[in-house]
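For reference, the structure is listed below as structure tokens.
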Amino acid sequence: KYFEHTLLVIADPIHGCSDLINVHKIPGNFVLVERGDCSFVEKVERCEKAGASGVIVFDNNPDNRSNLVAMIDDDRGVDINIPSLFIVGSDGFHIRRALE
């Protein structure tokens, strides 16, 4: 799939574990969410239901510059149909600041 004119939107709330407040900004775009408070699957599921084209999860430790985390399934049987990826905390916090 080609993502022409796709933006990166910060999830609100940032952890993406409850109903997203900024759903009007999400359809067709990628969503940046912070690790923590719920499973990776739940974060991506909420973003997908809001119309996201993809999700970038960043580590909740801003000092993490190298340790990647496996985004494992939470065994709820949820089908995810959009791409998602994990990035280190230092990169995620820089991207978040740039978007704010």
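Following the order of the structure tokens, chains are lettered A, B, ..., residues in each are numbered from 1, and ligands are numbered from 1.
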
Considering only C-alpha atoms, tabulate each residue of range 4-57 of chain A that lies at most 12 Å from range 61-64 of chain A along with its nearest interatomic pair and the corresponding distance in Å to one decimal; arrange the rows by chain and ascending residue number and present them as a Markdown table.
| residue | atom | partner | partner_atom | distance |
| --- | --- | --- | --- | --- |
| A:Glu34 | CA | A:Asn61 | CA | 9.4 |
| A:Arg35 | CA | A:Asn61 | CA | 8.7 |
| A:Gly36 | CA | A:Asn61 | CA | 9.9 |
| A:Val57 | CA | A:Asn61 | CA | 12.0 |

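Neighbours of range 9-13 of chain A closer than or equal to 8 Å, with only C-alpha atoms counted and sequence neighbours fewer than 5 positions away skipped, come out as Ser18, Asp19, Leu20, Ile21, Asn22, Lys25, Ile26, Asn29, Phe30, Val31, Leu32, Val33, Arg96 and Leu99 of chain A.
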
Limited to all heavy atoms, could you put the picked residues into a file as an mmCIF file, in the first residue's frame?
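Done, and the output landed in out_29.cif:
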data_model
loop_
_atom_site.group_PDB
_atom_site.id
_atom_site.type_symbol
_atom_site.label_atom_id
_atom_site.label_comp_id
_atom_site.auth_asym_id
_atom_site.auth_seq_id
_atom_site.Cartn_x
_atom_site.Cartn_y
_atom_site.Cartn_z
ATOM 1 N N SER A 18 -7.134 4.263 25.916
ATOM 2 C CA SER A 18 -8.539 4.605 26.140
ATOM 3 C C SER A 18 -9.049 5.285 24.879
ATOM 4 O O SER A 18 -8.297 5.486 23.931
ATOM 5 C CB SER A 18 -8.684 5.511 27.371
ATOM 6 O OG SER A 18 -7.911 6.675 27.235
ATOM 7 N N ASP A 19 -10.322 5.629 24.871
ATOM 8 C CA ASP A 19 -10.892 6.246 23.675
ATOM 9 C C ASP A 19 -10.058 7.452 23.245
ATOM 10 O O ASP A 19 -9.723 8.309 24.063
ATOM 11 C CB ASP A 19 -12.333 6.680 23.939
ATOM 12 C CG ASP A 19 -13.268 5.493 24.094
ATOM 13 O OD1 ASP A 19 -12.926 4.396 23.619
ATOM 14 O OD2 ASP A 19 -14.341 5.672 24.690
ATOM 15 N N LEU A 20 -9.736 7.502 21.979
ATOM 16 C CA LEU A 20 -8.924 8.591 21.449
ATOM 17 C C LEU A 20 -9.773 9.851 21.301
ATOM 18 O O LEU A 20 -10.854 9.817 20.722
ATOM 19 C CB LEU A 20 -8.303 8.189 20.119
ATOM 20 C CG LEU A 20 -7.353 6.986 20.210
ATOM 21 C CD1 LEU A 20 -6.992 6.481 18.824
ATOM 22 C CD2 LEU A 20 -6.112 7.339 20.997
ATOM 23 N N ILE A 21 -9.269 10.938 21.821
ATOM 24 C CA ILE A 21 -9.983 12.215 21.796
ATOM 25 C C ILE A 21 -9.882 12.884 20.433
ATOM 26 O O ILE A 21 -10.812 13.534 19.974
ATOM 27 C CB ILE A 21 -9.431 13.147 22.898
ATOM 28 C CG1 ILE A 21 -9.695 12.527 24.273
ATOM 29 C CG2 ILE A 21 -10.040 14.540 22.805
ATOM 30 C CD1 ILE A 21 -8.944 13.196 25.405
ATOM 31 N N ASN A 22 -8.747 12.708 19.769
ATOM 32 C CA ASN A 22 -8.497 13.399 18.505
ATOM 33 C C ASN A 22 -8.813 12.521 17.284
ATOM 34 O O ASN A 22 -8.087 12.537 16.299
ATOM 35 C CB ASN A 22 -7.061 13.912 18.445
ATOM 36 C CG ASN A 22 -6.025 12.820 18.589
ATOM 37 O OD1 ASN A 22 -6.288 11.750 19.129
ATOM 38 N ND2 ASN A 22 -4.827 13.086 18.099
ATOM 39 N N LYS A 25 -8.510 13.618 13.560
ATOM 40 C CA LYS A 25 -7.204 13.772 12.911
ATOM 41 C C LYS A 25 -6.615 12.451 12.426
ATOM 42 O O LYS A 25 -5.629 12.447 11.700
ATOM 43 C CB LYS A 25 -6.204 14.403 13.885
ATOM 44 C CG LYS A 25 -6.535 15.807 14.304
ATOM 45 C CD LYS A 25 -5.475 16.341 15.248
ATOM 46 C CE LYS A 25 -5.772 17.759 15.680
ATOM 47 N NZ LYS A 25 -4.739 18.268 16.594
ATOM 48 N N ILE A 26 -7.199 11.335 12.820
ATOM 49 C CA ILE A 26 -6.570 10.029 12.616
ATOM 50 C C ILE A 26 -6.854 9.370 11.264
ATOM 51 O O ILE A 26 -5.947 8.783 10.682
ATOM 52 C CB ILE A 26 -6.941 9.098 13.783
ATOM 53 C CG1 ILE A 26 -6.285 9.636 15.060
ATOM 54 C CG2 ILE A 26 -6.531 7.661 13.513
ATOM 55 C CD1 ILE A 26 -6.650 8.910 16.316
ATOM 56 N N ASN A 29 -4.125 8.445 8.459
ATOM 57 C CA ASN A 29 -2.802 8.847 8.928
ATOM 58 C C ASN A 29 -2.174 7.796 9.829
ATOM 59 O O ASN A 29 -2.839 6.884 10.298
ATOM 60 C CB ASN A 29 -2.889 10.176 9.678
ATOM 61 C CG ASN A 29 -3.256 11.308 8.758
ATOM 62 O OD1 ASN A 29 -2.719 11.431 7.667
ATOM 63 N ND2 ASN A 29 -4.200 12.138 9.180
ATOM 64 N N PHE A 30 -0.872 7.947 10.078
ATOM 65 C CA PHE A 30 -0.173 7.129 11.057
ATOM 66 C C PHE A 30 -0.308 7.802 12.415
ATOM 67 O O PHE A 30 -0.393 9.027 12.499
ATOM 68 C CB PHE A 30 1.304 6.986 10.689
ATOM 69 C CG PHE A 30 1.585 5.832 9.777
ATOM 70 C CD1 PHE A 30 1.119 5.829 8.476
ATOM 71 C CD2 PHE A 30 2.307 4.746 10.221
ATOM 72 C CE1 PHE A 30 1.369 4.772 7.629
ATOM 73 C CE2 PHE A 30 2.564 3.672 9.386
ATOM 74 C CZ PHE A 30 2.100 3.682 8.081
ATOM 75 N N VAL A 31 -0.316 6.995 13.476
ATOM 76 C CA VAL A 31 -0.488 7.515 14.826
ATOM 77 C C VAL A 31 0.736 7.143 15.666
ATOM 78 O O VAL A 31 1.194 6.002 15.647
ATOM 79 C CB VAL A 31 -1.774 6.961 15.480
ATOM 80 C CG1 VAL A 31 -1.951 7.526 16.882
ATOM 81 C CG2 VAL A 31 -2.990 7.285 14.623
ATOM 82 N N LEU A 32 1.244 8.120 16.404
ATOM 83 C CA LEU A 32 2.362 7.931 17.319
ATOM 84 C C LEU A 32 1.799 7.708 18.717
ATOM 85 O O LEU A 32 1.052 8.550 19.230
ATOM 86 C CB LEU A 32 3.263 9.169 17.312
ATOM 87 C CG LEU A 32 4.497 9.126 18.203
ATOM 88 C CD1 LEU A 32 5.520 8.122 17.654
ATOM 89 C CD2 LEU A 32 5.127 10.513 18.309
ATOM 90 N N VAL A 33 2.118 6.564 19.328
ATOM 91 C CA VAL A 33 1.651 6.260 20.684
ATOM 92 C C VAL A 33 2.828 5.863 21.560
ATOM 93 O O VAL A 33 3.825 5.327 21.083
ATOM 94 C CB VAL A 33 0.571 5.153 20.707
ATOM 95 C CG1 VAL A 33 -0.673 5.570 19.986
ATOM 96 C CG2 VAL A 33 1.085 3.857 20.148
ATOM 97 N N ARG A 96 7.949 13.233 18.953
ATOM 98 C CA ARG A 96 6.804 13.834 19.637
ATOM 99 C C ARG A 96 7.000 15.338 19.816
ATOM 100 O O ARG A 96 6.097 16.128 19.542
ATOM 101 C CB ARG A 96 6.599 13.169 20.995
ATOM 102 C CG ARG A 96 5.426 13.721 21.762
ATOM 103 C CD ARG A 96 5.276 13.023 23.093
ATOM 104 N NE ARG A 96 4.197 13.638 23.856
ATOM 105 C CZ ARG A 96 3.892 13.297 25.088
ATOM 106 N NH1 ARG A 96 4.555 12.338 25.699
ATOM 107 N NH2 ARG A 96 2.902 13.900 25.725
ATOM 108 N N LEU A 99 6.439 17.257 16.640
ATOM 109 C CA LEU A 99 5.043 17.314 16.199
ATOM 110 C C LEU A 99 4.172 18.204 17.073
ATOM 111 O O LEU A 99 3.100 18.624 16.639
ATOM 112 C CB LEU A 99 4.435 15.910 16.175
ATOM 113 C CG LEU A 99 5.002 14.939 15.132
ATOM 114 C CD1 LEU A 99 4.431 13.552 15.347
ATOM 115 C CD2 LEU A 99 4.726 15.431 13.724
#

In chain A, DSSP helix (DSSP H, G or I) residues written as a VMD selection string: chain A and resid 23 to 25 40 to 49 89 to 99

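Among the candidate residues A:Val23, A:Leu8, A:Cys17, A:Val41, the one lying nearest to Asp75 in chain A is A:Val41, with distances computed using only C-alpha atoms.
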
Pick from A:Arg46, A:His5, A:Arg65, A:Arg97, whichever lies nearest to Gly28 in chain A using only C-alpha atoms: A:His5

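Computed from the coordinates, the CA of His94 in chain A to CA of Ala52 in chain A distance equals 21.4 Å.
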
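Closest to Lys43 in chain A among A:Pro27, A:Gly92, A:Pro83, A:Gly16 is A:Gly16, based on only C-alpha atoms.
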
For Glu45 in chain A: contacts at 10 Å, only C-alpha atoms, fewer than 6 positions along chain excluded, given as a VMD selection string: chain A and resid 16 to 17 39 51 to 52 55 78 to 82

Per-residue DSSP, chain A, filtered to strand (DSSP E or B), as a ChimeraX atom specification: /A:8-10,30-34,54-58,84-87

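For the pair CA of Asp74 in chain A and CA of Gly89 in chain A, the interatomic distance is 21.7 Å.
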